[in-house]
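Student: Let me give you the structure first, and then I'll get to my questions.
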Amino acid sequence: MTIGNAMIDLEVKLGIGELYAAYADCIDDDRLEEWPDFFVDDCRYLITDRQSHEAGYKHGVIYCASKGMLIDRVTSMRRVLMFEAHRYRHLVGPPRILRAEGGIAETNANFFVARIMHSGETTLFATGRYLDRIAIGAEPYRFIERLVVLDSPKIDTLIAIPL
Amino acid sequence: MTIGNAMIDLEVKLGIGELYAAYADCIDDDRLEEWPDFFVDDCRYLITDRQSHEAGYKHGVIYCASKGMLIDRVTSMRRVLMFEAHRYRHLVGPPRILRAEGGIAETNANFFVARIMHSGETTLFATGRYLDRIAIGAEPYRFIERLVVLDSPKIDTLIAIPL
Amino acid sequence: MTIGNAMIDLEVKLGIGELYAAYADCIDDDRLEEWPDFFVDDCRYLITDRQSHEAGYKHGVIYCASKGMLIDRVTSMRRVLMFEAHRYRHLVGPPRILRAEGGIAETNANFFVARIMHSGETTLFATGRYLDRIAIGAEPYRFIERLVVLDSPKIDTLIAIPL
């Protein structure tokens, strides 16, 4: 690694770190209406589990194939969830940049998500890994694809808030 | 973001990262006597919960309005806790720098804290967010204000060790 | 901290961050055969608990004094574990570099490890701290010594997968 490359990597690395952190804050702050803005128009968002992912299945608990579908998802979510049932708290490990060329970065990061019920009860709700493709040609960086690969196949079927 | 700005941000970013990590290690290592030194003299330290914070309440489970109060807190804590009841382990996400000007940085970061009882039993004790104002005009960086906003209102009333 | 030093530190910091992340991914992906390659030949790997470590004991739940012993460990592990009993998910905090000179860095980092059983049940399995000595004279960086200091003395005696 040369200093020159380190500098270029660094700018990308800081930008990706900021994207990851802003994304988690958006969800944890329950500002779900802003969530679709973290994606490009022609995006893909999928929540699946490790075994399904390794088996090559392309479907999952939540599947959205465009930013429009993300917006619809939030709208219907707000209609169904009349009151705030729970909150999440994300803790996301440092992102690894596997590739960054042609304006696209491939990255991943581990995450833990705690769920805090209205009663205050807190549990380790989900663990897993983000597998991402990110548009880094212009700022702000946006997700082209975000695969949320949960470690456990036992996914709460009432899952409604994005991860 | 220009390379030049990235460099300045970087130095601040590394310094803030080090402050956050050193703070967590100090508590996790039970070196509580050193804890007040992470703050400026005229500081504010508050542990509260999300709902109280959003409602604008300025009080909390622990409230200290000066470094002297932090020192008093540690002294009384050591008197009450005759033996080591438990330990904490902090895991703090990457800090976000929201603003850095005039020698003061506004930052925040998510955290998970595990509590390890003397028996060895380990639980996810608390999750939440640090909301900080940091003096970055000189090294070492010090907290002007640290708000510890817990996600859950169900705070263990025996909470004694700072977070 | 001067800009010049920050740059040198930065390259080392990024390299160490990458080593930590690649190490965790290797275990979480169950690519255990690659695990010994994260160490130099003449290495030391120890899983112990905080109280034993503070008492100065040099033994632990797992102790390996060379890369060959790490390889043996994986071989016997694969023989014993006929099927995949469980997976881990590491979340590792930002590494702190305590010293970096003469081609060796001393670093540490906090970690949480979740264990995901075949049934999907997920628990906070272990928390603790990595205490490391890393060869940074050449790339890729490799561990000279990795001490895994668990917070809890109640270690699952069936522990088999490295941490």
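Ligands are numbered from 1 in the order shown, residues from 1 within each chain, and chains are lettered A, B, ... in the order they appear in the structure tokens.
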Give the residues of chain A that lie within 10 Å of chain C; count only C-alpha atoms, and format the answer as a PyMOL selection string.
Tutor: chain A and resi 1-3+6-7+9-10+13+91-97+109-112+123-129+151-155
Student: Using DSSP on the backbone coordinates, identify the residues of chain B assigned to strand (DSSP E); present them as a PyMOL selection string.
Tutor: chain B and resi 39-49+62-64+86-92+96-101+104-117+122-135+142-150
Student: For Phe39 of chain A, which of A:Gly68, A:Gly102, A:Gly137, A:Gly56 is the closest residue, counting only C-alpha atoms?
Tutor: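 Among the listed residues, the smallest separation from Phe39 of chain A belongs to A:Gly68.
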Student: Using Å and a single decimal, report how far atom CA of Arg146 of chain A sits from atom CA of Ser52 of chain A.
Tutor: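 Separation of atom CA of Ser52 of chain A and atom CA of Arg146 of chain A: 15.6 Å.
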Student: Considering only C-alpha atoms, can you say which of A:Ala100, A:Ala138, A:Val61, A:Ile144 comes closest to Thr48 of chain A?
Tutor: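 Among the listed residues, the smallest separation from Thr48 of chain A belongs to A:Val61.
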Student: Give the helix (DSSP H, G or I) residues of segment 25-157 of chain A, as DSSP finds them on the backbone, and put them as a PyMOL selection string.
Tutor: chain A and resi 25-28+32-38+50-54+67-80
Student: Generate the output file for the selected residues, N, CA and C atoms, as a tab-separated table (two decimals), in the first residue's frame.
Tutor:
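Once written, part.tsv looks like this:
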```tsv
chain	number	residue	atom	x	y	z
A	25	ASP	N	-28.23	5.24	12.08
A	25	ASP	CA	-28.87	6.29	12.88
A	25	ASP	C	-30.29	6.57	12.38
A	26	CYS	N	-30.46	6.58	11.08
A	26	CYS	CA	-31.77	6.83	10.48
A	26	CYS	C	-32.81	5.84	10.99
A	27	ILE	N	-32.44	4.57	11.00
A	27	ILE	CA	-33.37	3.53	11.47
A	27	ILE	C	-33.54	3.62	12.98
A	28	ASP	N	-32.44	3.74	13.70
A	28	ASP	CA	-32.52	3.76	15.16
A	28	ASP	C	-33.29	4.99	15.67
A	32	LEU	N	-37.81	6.66	9.39
A	32	LEU	CA	-37.87	5.67	8.31
A	32	LEU	C	-38.18	6.30	6.96
A	33	GLU	N	-38.86	7.44	6.96
A	33	GLU	CA	-39.18	8.11	5.70
A	33	GLU	C	-37.91	8.52	4.94
A	34	GLU	N	-36.80	8.69	5.68
A	34	GLU	CA	-35.54	9.07	5.04
A	34	GLU	C	-34.74	7.85	4.56
A	35	TRP	N	-35.16	6.68	4.99
A	35	TRP	CA	-34.40	5.45	4.71
A	35	TRP	C	-34.22	5.18	3.21
A	36	PRO	N	-35.26	5.34	2.37
A	36	PRO	CA	-35.06	5.06	0.94
A	36	PRO	C	-33.99	5.94	0.29
A	37	ASP	N	-33.74	7.12	0.87
A	37	ASP	CA	-32.76	8.04	0.28
A	37	ASP	C	-31.32	7.54	0.37
A	38	PHE	N	-31.11	6.48	1.12
A	38	PHE	CA	-29.77	5.90	1.18
A	38	PHE	C	-29.49	4.99	-0.01
A	50	ARG	N	-28.44	-16.69	6.35
A	50	ARG	CA	-27.19	-17.23	5.82
A	50	ARG	C	-27.40	-18.47	4.96
A	51	GLN	N	-28.22	-19.39	5.46
A	51	GLN	CA	-28.39	-20.63	4.72
A	51	GLN	C	-29.08	-20.40	3.37
A	52	SER	N	-30.09	-19.55	3.35
A	52	SER	CA	-30.75	-19.22	2.08
A	52	SER	C	-29.78	-18.53	1.14
A	53	HIS	N	-28.97	-17.63	1.70
A	53	HIS	CA	-28.02	-16.89	0.88
A	53	HIS	C	-26.99	-17.83	0.27
A	54	GLU	N	-26.48	-18.75	1.10
A	54	GLU	CA	-25.46	-19.67	0.60
A	54	GLU	C	-26.05	-20.65	-0.42
A	67	LYS	N	-36.06	1.74	-5.57
A	67	LYS	CA	-36.27	2.71	-4.50
A	67	LYS	C	-37.76	2.93	-4.26
A	68	GLY	N	-38.56	2.83	-5.35
A	68	GLY	CA	-40.01	2.96	-5.20
A	68	GLY	C	-40.58	1.92	-4.26
A	69	MET	N	-40.07	0.69	-4.36
A	69	MET	CA	-40.55	-0.36	-3.46
A	69	MET	C	-40.16	-0.09	-2.02
A	70	LEU	N	-39.01	0.54	-1.82
A	70	LEU	CA	-38.61	0.90	-0.45
A	70	LEU	C	-39.58	1.94	0.13
A	71	ILE	N	-39.94	2.90	-0.71
A	71	ILE	CA	-40.87	3.95	-0.27
A	71	ILE	C	-42.24	3.34	0.07
A	72	ASP	N	-42.72	2.44	-0.80
A	72	ASP	CA	-43.99	1.75	-0.54
A	72	ASP	C	-43.94	0.99	0.78
A	73	ARG	N	-42.79	0.36	0.99
A	73	ARG	CA	-42.60	-0.44	2.21
A	73	ARG	C	-42.77	0.43	3.47
A	74	VAL	N	-42.17	1.60	3.45
A	74	VAL	CA	-42.26	2.49	4.60
A	74	VAL	C	-43.71	2.97	4.78
A	75	THR	N	-44.36	3.31	3.68
A	75	THR	CA	-45.75	3.77	3.75
A	75	THR	C	-46.65	2.72	4.39
A	76	SER	N	-46.52	1.46	3.92
A	76	SER	CA	-47.40	0.42	4.45
A	76	SER	C	-47.03	0.09	5.89
A	77	MET	N	-45.75	0.20	6.19
A	77	MET	CA	-45.29	-0.04	7.56
A	77	MET	C	-45.93	0.94	8.53
A	78	ARG	N	-45.95	2.19	8.15
A	78	ARG	CA	-46.52	3.23	9.00
A	78	ARG	C	-48.01	3.02	9.18
A	79	ARG	N	-48.68	2.46	8.16
A	79	ARG	CA	-50.12	2.22	8.23
A	79	ARG	C	-50.42	1.08	9.20
A	80	VAL	N	-49.56	0.03	9.15
A	80	VAL	CA	-49.78	-1.15	9.98
A	80	VAL	C	-49.41	-0.89	11.44
```
